[in-house]
>>> print(open('start-v1.cif').read())   # mmCIF, C-alpha atoms
data_protein
loop_
_atom_site.label_atom_id
_atom_site.label_comp_id
_atom_site.auth_asym_id
_atom_site.auth_seq_id
_atom_site.Cartn_x
_atom_site.Cartn_y
_atom_site.Cartn_z
CA MET A 1 0.00 0.00 0.00
CA ASP A 2 1.41 3.39 -1.00
CA VAL A 3 1.87 6.03 1.69
CA PRO A 4 0.00 9.21 0.63
CA ASP A 5 1.94 12.39 0.04
CA LEU A 6 0.36 14.66 2.69
CA THR A 7 1.75 17.88 1.25
CA PHE A 8 0.42 16.92 -2.18
CA ASP A 9 -3.04 16.13 -0.79
CA LEU A 10 -3.28 19.36 1.22
CA ARG A 11 -2.43 21.48 -1.81
CA TYR A 12 -4.90 19.77 -4.04
CA LEU A 13 -7.69 19.58 -1.49
CA ARG A 14 -7.31 23.30 -0.87
CA CYS A 15 -7.92 23.90 -4.60
CA ALA A 16 -11.07 21.78 -4.50
CA ILE A 17 -12.47 23.58 -1.45
CA ALA A 18 -11.76 27.00 -2.99
CA ALA A 19 -13.33 25.96 -6.33
CA ALA A 20 -16.46 24.79 -4.52
CA ALA A 21 -16.69 28.15 -2.74
CA HIS A 22 -16.06 30.30 -5.85
CA GLY A 23 -17.88 28.19 -8.44
CA SER A 24 -15.18 29.00 -10.97
CA PHE A 25 -11.65 27.78 -11.63
CA ARG A 26 -10.71 31.28 -12.80
CA GLN A 27 -11.88 32.89 -9.55
CA THR A 28 -10.20 30.13 -7.59
CA ALA A 29 -6.91 30.87 -9.34
CA LEU A 30 -7.23 34.57 -8.44
CA ALA A 31 -8.02 33.73 -4.81
CA LEU A 32 -5.06 31.35 -4.53
CA ASP A 33 -2.72 33.62 -6.50
CA THR A 34 -1.93 30.96 -9.09
CA SER A 35 -2.80 30.20 -12.71
CA GLN A 36 -6.11 28.77 -13.87
CA SER A 37 -4.26 25.93 -15.60
CA THR A 38 -2.63 25.00 -12.27
CA VAL A 39 -6.01 24.87 -10.54
CA THR A 40 -7.48 22.76 -13.34
CA ARG A 41 -4.54 20.36 -13.32
CA ARG A 42 -4.55 19.92 -9.54
CA ILE A 43 -8.26 19.16 -9.42
CA GLN A 44 -7.99 16.72 -12.31
CA LEU A 45 -5.16 14.90 -10.53
CA LEU A 46 -7.17 14.84 -7.30
CA GLU A 47 -10.18 13.40 -9.13
CA HIS A 48 -7.92 10.78 -10.72
CA ARG A 49 -6.51 9.83 -7.32
CA LEU A 50 -9.99 9.62 -5.76
CA GLY A 51 -11.50 7.70 -8.64
CA PHE A 52 -14.59 9.90 -9.07
CA THR A 53 -15.51 13.34 -10.45
CA LEU A 54 -15.73 16.23 -8.01
CA PHE A 55 -17.09 18.93 -10.32
CA VAL A 56 -19.44 19.38 -13.23
CA ARG A 57 -17.93 21.86 -15.71
CA ASP A 58 -20.02 24.08 -17.97
CA ARG A 59 -19.93 27.59 -19.45
CA ARG A 60 -21.27 29.11 -16.26
CA GLY A 61 -18.44 27.72 -14.14
CA VAL A 62 -18.19 24.63 -11.97
CA ARG A 63 -20.43 23.00 -9.38
CA LEU A 64 -19.96 20.02 -7.12
CA THR A 65 -21.26 16.62 -8.13
CA HIS A 66 -23.22 14.68 -5.53
CA ALA A 67 -20.12 12.60 -4.82
CA GLY A 68 -17.94 15.73 -4.67
CA ASP A 69 -20.31 17.42 -2.24
CA ASN A 70 -20.32 14.42 0.08
CA PHE A 71 -16.54 14.09 -0.12
CA LEU A 72 -15.77 17.72 0.75
CA LYS A 73 -18.28 17.75 3.61
CA GLU A 74 -16.42 14.84 5.18
CA ALA A 75 -12.91 15.91 4.18
CA ALA A 76 -12.97 19.63 5.03
CA PRO A 77 -12.97 19.31 8.87
CA GLY A 78 -10.01 16.96 8.73
CA ILE A 79 -7.94 19.06 6.37
CA ASP A 80 -7.26 21.73 8.98
CA GLN A 81 -6.25 19.06 11.49
CA LEU A 82 -3.92 17.44 8.97
CA ARG A 83 -2.35 20.79 8.06
CA ARG A 84 -1.75 21.55 11.73
CA ALA A 85 -0.29 18.10 12.31
CA VAL A 86 2.17 18.48 9.43
CA ARG A 87 3.22 21.93 10.64
CA LEU A 88 3.52 20.80 14.26
CA GLY A 89 5.54 17.74 13.30
CA SER A 90 7.94 19.79 11.20
CA SER A 91 8.47 22.21 14.11
CA LYS A 92 9.29 19.28 16.46
CA GLY A 93 7.08 20.97 19.05
CA GLU A 94 9.72 23.58 19.80
CA LEU A 95 8.59 27.17 20.25
CA HIS A 96 11.75 28.68 18.80
CA THR A 97 11.37 26.86 15.48
CA SER A 98 7.61 27.40 15.02
CA MET A 99 5.78 29.49 12.46
CA LEU A 100 3.06 31.92 13.52
CA ARG A 101 0.50 33.37 11.10
CA ILE A 102 -1.28 36.36 12.63
CA GLY A 103 -4.32 38.26 11.37
CA ILE A 104 -4.35 41.92 12.39
CA LEU A 105 -6.58 44.94 11.97
CA ALA A 106 -4.99 47.43 14.35
CA SER A 107 -2.01 49.62 13.52
CA LEU A 108 1.42 48.24 14.43
CA ALA A 109 2.82 51.73 15.01
CA ALA A 110 1.96 51.60 18.71
CA GLY A 111 0.00 49.70 21.32
CA PHE A 112 -0.11 46.09 22.44
CA LEU A 113 0.55 44.33 19.16
CA HIS A 114 3.54 46.58 18.49
CA LEU A 115 5.03 45.68 21.87
CA ALA A 116 4.07 42.01 21.62
CA LEU A 117 5.65 41.54 18.20
CA LYS A 118 8.78 43.34 19.38
CA GLU A 119 8.97 41.17 22.49
CA VAL A 120 8.41 37.85 20.71
CA ARG A 121 11.21 38.78 18.31
CA ARG A 122 13.50 39.50 21.28
CA ARG A 123 12.66 36.27 23.12
CA HIS A 124 12.27 33.92 20.16
CA PRO A 125 14.13 35.33 17.15
CA ARG A 126 13.84 32.05 15.21
CA ILE A 127 10.02 32.06 15.13
CA LYS A 128 8.85 32.81 11.62
CA ILE A 129 6.04 35.37 11.89
CA ILE A 130 3.76 36.06 8.93
CA LEU A 131 1.26 38.92 9.26
CA HIS A 132 -1.97 39.28 7.34
CA GLU A 133 -3.61 42.71 7.55
CA GLY A 134 -7.28 42.59 6.69
CA THR A 135 -10.78 43.28 7.92
CA ALA A 136 -12.07 41.41 10.94
CA GLU A 137 -14.44 39.42 8.71
CA ASN A 138 -11.68 38.45 6.27
CA ASN A 139 -9.23 37.44 8.99
CA LEU A 140 -11.79 35.36 10.88
CA ASP A 141 -12.74 33.61 7.65
CA ARG A 142 -9.07 32.79 7.00
CA LEU A 143 -8.77 31.54 10.57
CA THR A 144 -11.66 29.11 10.19
CA LYS A 145 -10.09 27.80 6.96
CA GLY A 146 -6.78 27.17 8.71
CA ASP A 147 -4.88 29.88 6.81
CA LEU A 148 -4.17 31.83 10.03
CA ASP A 149 -3.18 30.64 13.51
CA ILE A 150 -4.50 33.54 15.58
CA VAL A 151 -6.48 36.71 14.88
CA PHE A 152 -6.77 39.94 16.87
CA VAL A 153 -10.07 41.83 16.49
CA ALA A 154 -12.20 44.41 18.28
CA GLY A 155 -15.03 42.95 20.36
CA LEU A 156 -15.45 39.32 21.42
CA PRO A 157 -16.51 37.23 18.41
CA GLN A 158 -17.91 33.75 19.05
CA LEU A 159 -16.96 31.17 16.41
CA PRO A 160 -17.83 27.47 16.57
CA ARG A 161 -14.84 25.34 17.61
CA HIS A 162 -12.76 28.43 18.39
CA LYS A 163 -11.72 30.22 21.57
CA SER A 164 -11.95 33.96 22.15
CA GLU A 165 -10.33 35.93 24.94
CA ILE A 166 -10.41 39.67 25.70
CA LEU A 167 -6.77 40.62 26.25
CA TRP A 168 -6.87 44.39 26.50
CA ARG A 169 -9.16 47.40 26.26
CA GLU A 170 -8.58 50.72 24.55
CA ARG A 171 -9.92 54.15 25.29
CA ILE A 172 -12.33 55.75 22.80
CA PHE A 173 -11.14 58.76 20.78
CA ALA A 174 -12.91 61.18 18.47
CA VAL A 175 -10.98 62.10 15.31
CA LEU A 176 -11.50 65.59 13.84
CA PRO A 177 -9.86 67.80 11.20
CA ASP A 178 -7.23 70.02 12.84
CA SER A 179 -9.14 73.04 11.47
CA HIS A 180 -12.30 72.09 13.40
CA SER A 181 -13.36 74.52 16.14
CA LEU A 182 -13.36 71.65 18.67
CA ALA A 183 -9.74 70.73 17.88
CA ILE A 184 -8.48 73.28 20.43
CA LYS A 185 -10.04 71.25 23.27
CA SER A 186 -7.89 68.64 25.00
CA GLU A 187 -10.86 66.29 25.40
CA LEU A 188 -14.41 66.09 24.15
CA SER A 189 -17.81 64.85 25.28
CA TRP A 190 -20.46 63.00 23.31
CA GLU A 191 -22.53 66.18 23.65
CA ASP A 192 -19.79 68.14 21.85
CA ILE A 193 -19.83 65.91 18.78
CA ARG A 194 -23.47 64.81 18.60
CA SER A 195 -24.19 66.97 15.52
CA GLU A 196 -21.10 65.94 13.53
CA THR A 197 -21.26 63.96 10.31
CA PHE A 198 -19.49 60.70 11.14
CA ILE A 199 -17.67 58.73 8.47
CA LEU A 200 -17.24 55.00 9.06
CA SER A 201 -15.74 52.03 7.28
CA SER A 202 -18.04 49.35 5.93
CA ASN A 203 -15.77 46.65 7.31
CA GLY A 204 -13.35 46.03 10.15
CA SER A 205 -14.59 47.72 13.33
CA GLY A 206 -16.97 49.98 11.37
CA PRO A 207 -20.16 48.11 12.37
CA ASP A 208 -19.08 48.20 16.04
CA VAL A 209 -18.43 51.94 15.83
CA LEU A 210 -21.87 52.42 14.27
CA ASP A 211 -23.51 50.59 17.19
CA LEU A 212 -21.52 52.73 19.62
CA LEU A 213 -22.55 56.01 17.98
CA VAL A 214 -26.22 55.06 17.78
CA ARG A 215 -26.20 54.08 21.43
CA LYS A 216 -24.23 57.04 22.82
CA ILE A 217 -25.80 59.80 20.77
CA GLY A 218 -29.20 58.13 20.82
CA GLN A 219 -29.18 58.41 24.63
CA MET A 220 -29.24 62.19 24.18
CA GLY A 221 -32.26 62.02 21.90
CA PHE A 222 -30.32 62.53 18.68
CA ARG A 223 -29.72 60.33 15.66
CA PRO A 224 -26.12 60.43 14.39
CA ARG A 225 -25.48 61.39 10.78
CA ILE A 226 -23.51 58.56 9.19
CA GLU A 227 -21.64 58.19 5.89
CA VAL A 228 -20.05 54.83 5.07
CA HIS A 229 -16.90 54.41 2.98
CA HIS A 230 -15.30 51.19 1.74
CA VAL A 231 -11.81 51.98 3.00
CA ALA A 232 -9.44 50.81 5.74
CA ARG A 233 -8.95 52.74 8.96
CA GLU A 234 -5.91 54.77 7.87
CA ASN A 235 -7.67 56.06 4.75
CA LEU A 236 -10.75 56.81 6.85
CA ILE A 237 -8.65 59.09 9.03
CA ASN A 238 -7.17 60.67 5.91
CA LEU A 239 -10.73 61.48 4.83
CA VAL A 240 -11.27 63.16 8.20
CA ALA A 241 -8.17 65.28 7.57
CA MET A 242 -9.64 66.26 4.18
CA GLY A 243 -12.79 67.55 5.86
CA TYR A 244 -15.22 64.76 4.98
CA GLY A 245 -16.41 64.42 8.59
CA ALA A 246 -15.42 63.08 12.00
CA THR A 247 -14.96 59.51 13.16
CA VAL A 248 -14.50 57.51 16.33
CA THR A 249 -11.69 55.05 16.95
CA SER A 250 -9.69 53.40 19.73
CA ALA A 251 -6.24 54.07 21.16
CA SER A 252 -4.39 51.72 18.79
CA ALA A 253 -5.06 54.21 15.97
CA LEU A 254 -2.98 56.86 17.77
CA GLY A 255 0.05 55.37 16.08
CA LEU A 256 -1.30 56.46 12.70
CA SER A 257 0.34 59.77 11.92
CA VAL A 258 -2.07 61.53 9.57
CA LYS A 259 -1.37 65.18 8.84
CA GLY A 260 -4.47 67.32 9.33
CA ALA A 261 -6.27 65.00 11.78
CA VAL A 262 -6.35 65.26 15.57
CA PHE A 263 -7.33 62.66 18.17
CA ARG A 264 -9.25 63.74 21.26
CA PRO A 265 -10.32 61.38 24.08
CA ILE A 266 -13.99 61.19 25.03
CA ALA A 267 -14.12 62.54 28.58
CA HIS A 268 -16.02 60.87 31.42
CA ASP A 269 -16.72 57.74 29.34
CA THR A 270 -15.71 54.58 31.18
CA GLU A 271 -16.63 52.34 28.26
CA ASP A 272 -13.51 51.10 26.48
CA VAL A 273 -13.20 49.07 23.27
CA PRO A 274 -12.30 45.44 24.03
CA TRP A 275 -9.72 43.68 21.82
CA SER A 276 -9.65 39.92 21.63
CA ALA A 277 -7.53 37.07 20.39
CA VAL A 278 -9.31 34.25 18.54
CA TRP A 279 -7.78 30.83 17.83
CA SER A 280 -8.88 27.27 17.13
CA GLU A 281 -9.82 24.91 19.96
CA ALA A 282 -7.69 22.31 18.16
CA GLU A 283 -4.64 24.58 18.04
CA GLU A 284 -1.39 22.85 19.01
CA ASN A 285 1.19 25.30 17.69
CA PRO A 286 3.34 26.25 20.73
CA ALA A 287 4.06 29.66 19.20
CA VAL A 288 0.36 30.60 19.51
CA PHE A 289 0.32 30.05 23.25
CA GLY A 290 3.72 31.66 23.74
CA PHE A 291 2.54 34.73 21.86
CA LEU A 292 -0.68 34.84 23.91
CA GLU A 293 1.33 34.83 27.13
CA ILE A 294 3.43 37.74 25.90
CA VAL A 295 0.32 39.79 25.03
CA ARG A 296 -1.22 38.94 28.43
CA SER A 297 1.91 40.11 30.24
CA ILE A 298 1.97 43.40 28.34
CA ALA A 299 -1.74 43.94 29.05
CA ALA A 300 -1.09 43.39 32.77
CA VAL A 301 1.65 46.03 32.72
CA GLU A 302 -0.57 48.54 30.89
CA HIS A 303 -3.29 48.23 33.51
CA CYS A 304 -0.90 49.96 35.91
CA ALA A 305 -0.27 52.88 33.54
CA PRO A 306 -1.71 56.33 34.41
CA GLU A 307 -4.74 57.59 32.45
CA PRO A 308 -4.95 59.10 29.95
CA PHE A 309 -1.94 57.57 28.21
CA ALA A 310 -0.24 58.14 24.90
CA PRO A 311 1.39 55.30 22.95
CA SER A 312 4.84 56.52 24.00
CA GLN A 313 3.80 56.18 27.68
CA ILE A 314 2.98 52.47 27.50
CA PRO A 315 5.74 50.62 29.38
CA ASP A 316 8.07 48.68 27.08
CA PRO A 317 8.81 45.24 28.61
CA THR A 318 11.74 44.77 26.25
CA ARG A 319 13.81 47.35 28.11
#
>>> encode(input="start-v1.cif", output="structure tokens")
Amino acid sequence: MDVPDLTFDLRYLRCAIAAAAHGSFRQTALALDTSQSTVTRRIQLLEHRLGFTLFVRDRRGVRLTHAGDNFLKEAAPGIDQLRRAVRLGSSKGELHTSMLRIGILASLAAGFLHLALKEVRRRHPRIKIILHEGTAENNLDRLTKGDLDIVFVAGLPQLPRHKSEILWRERIFAVLPDSHSLAIKSELSWEDIRSETFILSSNGSGPDVLDLLVRKIGQMGFRPRIEVHHVARENLINLVAMGYGATVTSASALGLSVKGAVFRPIAHDTEDVPWSAVWSEAEENPAVFGFLEIVRSIAAVEHCAPEPFAPSQIPDPTR
């Protein structure tokens, strides 16, 4: 009996899963950053190995056969386990030789992730760290598919077969153009900004910010004026600097140096934005748990810092 090539199977199964999701070999090739001919060849070889057809091909694209649908339903949960097992075996269970794939949304210019990544490099310089910057939705989707090991997001998402833990909280800030009449104030209240036009992102933490604005300004009997843009947080703040409106963000954005925009804390508001780590219940990569411990230790140090704090005032455990 031949021993299966696990690396071969993982590559080819990934193509099949992506093709089932996209319904097109061309779109699958774009998603996997490869050629359409490569996708076609890999799926044909997989079908040959299995002994049955996975997809029906026509001019509209591809769709799973009955046999293909049954196969992927049974195979998909095990693929992530197999991928983790191969990676864990190749690392020999040693933290210093592991690989860590991290999904981020927040800026790395300051804050907890900045300090954590700096500290893990100091303690474990041989860990290979790969960062993926994307929206919360995109990163969580990649996590469930096994493409990421751990994701950091605002809030406390609940995913089946995954763990979530709030690791730190960040103070809420209003962001205004530096020419705004309120920019001269060192801090603001919700009353000050209730009549502003707020610009939000359609992804990332945008929906959470929308809920916050509706709740805070709604308590005063007003309905916030909202405009939604399909941009990331840094470009949203650039739009504020251009005069398109105000926005609300958390302390991790203070590291974004955008000319023409000012950040002002919301005074007398004890509600902070929680930030969480999310990882698989089946996770066995020692680098994930080592990284979590580093973030926890930095969060514990920050809790002793005076308020309000600037990014430069957060204690650096690497010193």
>>> residues_around(input="start-v1.cif", residues="Arg60 in chain A", least_positions_apart="2", cutoff="9 Å", atoms="all atoms listed in the file", output="list in words")
Gly23, Ser24, Arg57, Asp58 and Val62 of chain A
>>> atom_distance(input="start-v1.cif", atom1="CA of Glu165 in chain A", atom2="CA of Ser297 in chain A")
14.0 Å
>>> closest_residue(input="start-v1.cif", among="A:Glu74, A:Glu271, A:Asp149, A:Glu187", to="Asn285 in chain A", atoms="only C-alpha atoms")
A:Asp149
>>> resolve_selection(input="start-v1.cif", expression="the PyMOL selection byres ((chain A and resi 231-233) around 8)", output="list in words")
Thr135, Ser201, Ser202, Asn203, Gly204, His229, His230, Glu234, Asn235, Leu236 and Ile237 of chain A
>>> write_last_selection(input="start-v1.cif", atoms="C-alpha atoms", output="mmCIF file, in the coordinates of the input")
data_model
loop_
_atom_site.group_PDB
_atom_site.id
_atom_site.type_symbol
_atom_site.label_atom_id
_atom_site.label_comp_id
_atom_site.auth_asym_id
_atom_site.auth_seq_id
_atom_site.Cartn_x
_atom_site.Cartn_y
_atom_site.Cartn_z
ATOM 1 C CA THR A 135 -10.780 43.280 7.920
ATOM 2 C CA SER A 201 -15.740 52.030 7.280
ATOM 3 C CA SER A 202 -18.040 49.350 5.930
ATOM 4 C CA ASN A 203 -15.770 46.650 7.310
ATOM 5 C CA GLY A 204 -13.350 46.030 10.150
ATOM 6 C CA HIS A 229 -16.900 54.410 2.980
ATOM 7 C CA HIS A 230 -15.300 51.190 1.740
ATOM 8 C CA GLU A 234 -5.910 54.770 7.870
ATOM 9 C CA ASN A 235 -7.670 56.060 4.750
ATOM 10 C CA LEU A 236 -10.750 56.810 6.850
ATOM 11 C CA ILE A 237 -8.650 59.090 9.030
#
>>> axis_aligned_box(input="start-v1.cif", around="range 114-132 of chain A", padding_each_side="4 Å", output="AutoDock Vina command-line options")
--center_x 6.1 --center_y 39.3 --center_z 15.2 --size_x 24.1 --size_y 22.5 --size_z 23.8
>>> residues_around(input="start-v1.cif", residues="Ala116 in chain A", least_positions_apart="2", cutoff="9 Å", atoms="all atoms listed in the file", output="list in words")
Gly111, Phe112, Leu113, His114, Lys118, Glu119, Val120, Arg121, Phe291, Leu292, Ile294, Val295 and Ile298 of chain A
>>> residues_around(input="start-v1.cif", residues="Ala19 in chain A", least_positions_apart="4", cutoff="12 Å", atoms="only C-alpha atoms", output="CSV table (one decimal) with C-alpha atoms, in the coordinates of the input")
chain,number,residue,atom,x,y,z
A,12,TYR,CA,-4.9,19.8,-4.0
A,13,LEU,CA,-7.7,19.6,-1.5
A,14,ARG,CA,-7.3,23.3,-0.9
A,15,CYS,CA,-7.9,23.9,-4.6
A,23,GLY,CA,-17.9,28.2,-8.4
A,24,SER,CA,-15.2,29.0,-11.0
A,25,PHE,CA,-11.6,27.8,-11.6
A,26,ARG,CA,-10.7,31.3,-12.8
A,27,GLN,CA,-11.9,32.9,-9.6
A,28,THR,CA,-10.2,30.1,-7.6
A,29,ALA,CA,-6.9,30.9,-9.3
A,30,LEU,CA,-7.2,34.6,-8.4
A,31,ALA,CA,-8.0,33.7,-4.8
A,32,LEU,CA,-5.1,31.4,-4.5
A,36,GLN,CA,-6.1,28.8,-13.9
A,39,VAL,CA,-6.0,24.9,-10.5
A,40,THR,CA,-7.5,22.8,-13.3
A,42,ARG,CA,-4.6,19.9,-9.5
A,43,ILE,CA,-8.3,19.2,-9.4
A,54,LEU,CA,-15.7,16.2,-8.0
A,55,PHE,CA,-17.1,18.9,-10.3
A,56,VAL,CA,-19.4,19.4,-13.2
A,57,ARG,CA,-17.9,21.9,-15.7
A,61,GLY,CA,-18.4,27.7,-14.1
A,62,VAL,CA,-18.2,24.6,-12.0
A,63,ARG,CA,-20.4,23.0,-9.4
A,64,LEU,CA,-20.0,20.0,-7.1
A,68,GLY,CA,-17.9,15.7,-4.7
A,69,ASP,CA,-20.3,17.4,-2.2
A,72,LEU,CA,-15.8,17.7,0.8
>>> closest_residue(input="start-v1.cif", among="A:Leu200, A:Arg49, A:Val209, A:Val278", to="Phe152 in chain A", atoms="only C-alpha atoms")
A:Val278
>>> residues_around(input="start-v1.cif", residues="Ala76 in chain A", least_positions_apart="5", cutoff="10 Å", atoms="all atoms listed in the file", output="list in words")
Leu13, Arg14, Ala16, Ile17, Phe71, Gln81 and Lys145 of chain A
>>> closest_residue(input="start-v1.cif", among="A:Pro177, A:Gly155, A:Gly103, A:Pro160", to="Ser276 in chain A", atoms="all atoms listed in the file")
A:Gly155
>>> atom_distance(input="start-v1.cif", atom1="CA of Ala241 in chain A", atom2="CA of Asp192 in chain A")
18.6 Å
>>> atom_distance(input="start-v1.cif", atom1="CA of Leu176 in chain A", atom2="CA of Thr247 in chain A")
7.0 Å
>>> resolve_selection(input="start-v1.cif", expression="the PyMOL selection byres ((chain A and resi 199) around 6)", output="list of chain:residue names")
A:Phe198, A:Leu200, A:Ile226, A:Glu227, A:Val228, A:Gly245, A:Thr247
>>> write_last_selection(input="start-v1.cif", atoms="C-alpha atoms", output="mmCIF file, in the frame of the given file")
data_model
loop_
_atom_site.group_PDB
_atom_site.id
_atom_site.type_symbol
_atom_site.label_atom_id
_atom_site.label_comp_id
_atom_site.auth_asym_id
_atom_site.auth_seq_id
_atom_site.Cartn_x
_atom_site.Cartn_y
_atom_site.Cartn_z
ATOM 1 C CA PHE A 198 -19.490 60.700 11.140
ATOM 2 C CA LEU A 200 -17.240 55.000 9.060
ATOM 3 C CA ILE A 226 -23.510 58.560 9.190
ATOM 4 C CA GLU A 227 -21.640 58.190 5.890
ATOM 5 C CA VAL A 228 -20.050 54.830 5.070
ATOM 6 C CA GLY A 245 -16.410 64.420 8.590
ATOM 7 C CA THR A 247 -14.960 59.510 13.160
#
>>> residues_around(input="start-v1.cif", residues="Ile104 in chain A", least_positions_apart="5", cutoff="8 Å", atoms="all atoms listed in the file", output="JSON, numbers by chain")
{"A": [131, 132, 133, 134, 135, 136, 139, 151, 152, 153]}
>>> write_last_selection(input="start-v1.cif", atoms="C-alpha atoms", output="short mmCIF file (atom, residue, chain, number, x, y, z; two decimals), keeping the file's coordinate frame")
data_model
loop_
_atom_site.label_atom_id
_atom_site.label_comp_id
_atom_site.auth_asym_id
_atom_site.auth_seq_id
_atom_site.Cartn_x
_atom_site.Cartn_y
_atom_site.Cartn_z
CA LEU A 131 1.26 38.92 9.26
CA HIS A 132 -1.97 39.28 7.34
CA GLU A 133 -3.61 42.71 7.55
CA GLY A 134 -7.28 42.59 6.69
CA THR A 135 -10.78 43.28 7.92
CA ALA A 136 -12.07 41.41 10.94
CA ASN A 139 -9.23 37.44 8.99
CA VAL A 151 -6.48 36.71 14.88
CA PHE A 152 -6.77 39.94 16.87
CA VAL A 153 -10.07 41.83 16.49
#
>>> residues_near_point(input="start-v1.cif", point="(10.1, 27.5, 11.4)", cutoff="6 Å", atoms="all atoms listed in the file", output="number ranges by chain")
A: 97-99, 127-128
>>> write_last_selection(input="start-v1.cif", atoms="C-alpha atoms", output="compact mmCIF listing (two decimals), keeping the file's coordinate frame")
# COMPACT_ATOMS: atom_id res chain seq x y z
CA THR A 97 11.37 26.86 15.48
CA SER A 98 7.61 27.40 15.02
CA MET A 99 5.78 29.49 12.46
CA ILE A 127 10.02 32.06 15.13
CA LYS A 128 8.85 32.81 11.62
>>> resolve_selection(input="start-v1.cif", expression="the PyMOL selection byres ((chain A and resi 195) around 10)", output="list in words")
Trp190, Glu191, Asp192, Ile193, Arg194, Glu196, Thr197, Phe198, Ile217, Phe222, Arg223, Pro224 and Arg225 of chain A
>>> decode(input="start-v1.cif", residues="range 212-217 of chain A", atoms="all heavy atoms", output="PDB file, in the first residue's frame")
ATOM      1  N   LEU A 212     -21.922  51.842  18.533  1.00  0.00           N
ATOM      2  CA  LEU A 212     -21.519  52.731  19.621  1.00  0.00           C
ATOM      3  C   LEU A 212     -22.118  54.119  19.442  1.00  0.00           C
ATOM      4  O   LEU A 212     -22.672  54.705  20.387  1.00  0.00           O
ATOM      5  CB  LEU A 212     -19.989  52.805  19.677  1.00  0.00           C
ATOM      6  CG  LEU A 212     -19.393  53.750  20.715  1.00  0.00           C
ATOM      7  CD1 LEU A 212     -19.585  53.189  22.122  1.00  0.00           C
ATOM      8  CD2 LEU A 212     -17.911  53.983  20.444  1.00  0.00           C
ATOM      9  N   LEU A 213     -22.030  54.669  18.236  1.00  0.00           N
ATOM     10  CA  LEU A 213     -22.549  56.013  17.976  1.00  0.00           C
ATOM     11  C   LEU A 213     -24.061  56.069  18.168  1.00  0.00           C
ATOM     12  O   LEU A 213     -24.586  57.011  18.772  1.00  0.00           O
ATOM     13  CB  LEU A 213     -22.187  56.438  16.555  1.00  0.00           C
ATOM     14  CG  LEU A 213     -20.711  56.760  16.294  1.00  0.00           C
ATOM     15  CD1 LEU A 213     -20.470  56.953  14.807  1.00  0.00           C
ATOM     16  CD2 LEU A 213     -20.289  58.004  17.064  1.00  0.00           C
ATOM     17  N   VAL A 214     -24.756  55.081  17.636  1.00  0.00           N
ATOM     18  CA  VAL A 214     -26.217  55.058  17.778  1.00  0.00           C
ATOM     19  C   VAL A 214     -26.608  55.015  19.244  1.00  0.00           C
ATOM     20  O   VAL A 214     -27.539  55.701  19.686  1.00  0.00           O
ATOM     21  CB  VAL A 214     -26.806  53.852  17.010  1.00  0.00           C
ATOM     22  CG1 VAL A 214     -28.280  53.670  17.343  1.00  0.00           C
ATOM     23  CG2 VAL A 214     -26.633  54.043  15.504  1.00  0.00           C
ATOM     24  N   ARG A 215     -25.868  54.218  20.005  1.00  0.00           N
ATOM     25  CA  ARG A 215     -26.198  54.076  21.430  1.00  0.00           C
ATOM     26  C   ARG A 215     -25.868  55.340  22.216  1.00  0.00           C
ATOM     27  O   ARG A 215     -26.700  55.841  22.994  1.00  0.00           O
ATOM     28  CB  ARG A 215     -25.429  52.877  21.984  1.00  0.00           C
ATOM     29  CG  ARG A 215     -25.688  52.578  23.442  1.00  0.00           C
ATOM     30  CD  ARG A 215     -25.372  51.123  23.759  1.00  0.00           C
ATOM     31  NE  ARG A 215     -24.175  50.668  23.079  1.00  0.00           N
ATOM     32  CZ  ARG A 215     -22.938  50.833  23.560  1.00  0.00           C
ATOM     33  NH1 ARG A 215     -22.769  51.463  24.698  1.00  0.00           N
ATOM     34  NH2 ARG A 215     -21.888  50.379  22.897  1.00  0.00           N
ATOM     35  N   LYS A 216     -24.664  55.886  22.031  1.00  0.00           N
ATOM     36  CA  LYS A 216     -24.227  57.035  22.822  1.00  0.00           C
ATOM     37  C   LYS A 216     -24.994  58.306  22.475  1.00  0.00           C
ATOM     38  O   LYS A 216     -25.450  59.033  23.355  1.00  0.00           O
ATOM     39  CB  LYS A 216     -22.723  57.259  22.617  1.00  0.00           C
ATOM     40  CG  LYS A 216     -21.840  56.146  23.162  1.00  0.00           C
ATOM     41  CD  LYS A 216     -21.894  56.084  24.674  1.00  0.00           C
ATOM     42  CE  LYS A 216     -20.914  55.050  25.198  1.00  0.00           C
ATOM     43  NZ  LYS A 216     -20.908  54.994  26.675  1.00  0.00           N
ATOM     44  N   ILE A 217     -25.107  58.570  21.182  1.00  0.00           N
ATOM     45  CA  ILE A 217     -25.796  59.800  20.769  1.00  0.00           C
ATOM     46  C   ILE A 217     -27.309  59.634  20.872  1.00  0.00           C
ATOM     47  O   ILE A 217     -28.035  60.577  21.164  1.00  0.00           O
ATOM     48  CB  ILE A 217     -25.350  60.190  19.350  1.00  0.00           C
ATOM     49  CG1 ILE A 217     -23.848  60.515  19.376  1.00  0.00           C
ATOM     50  CG2 ILE A 217     -26.155  61.364  18.809  1.00  0.00           C
ATOM     51  CD1 ILE A 217     -23.256  60.885  18.040  1.00  0.00           C
TER      52      ILE A 217
END
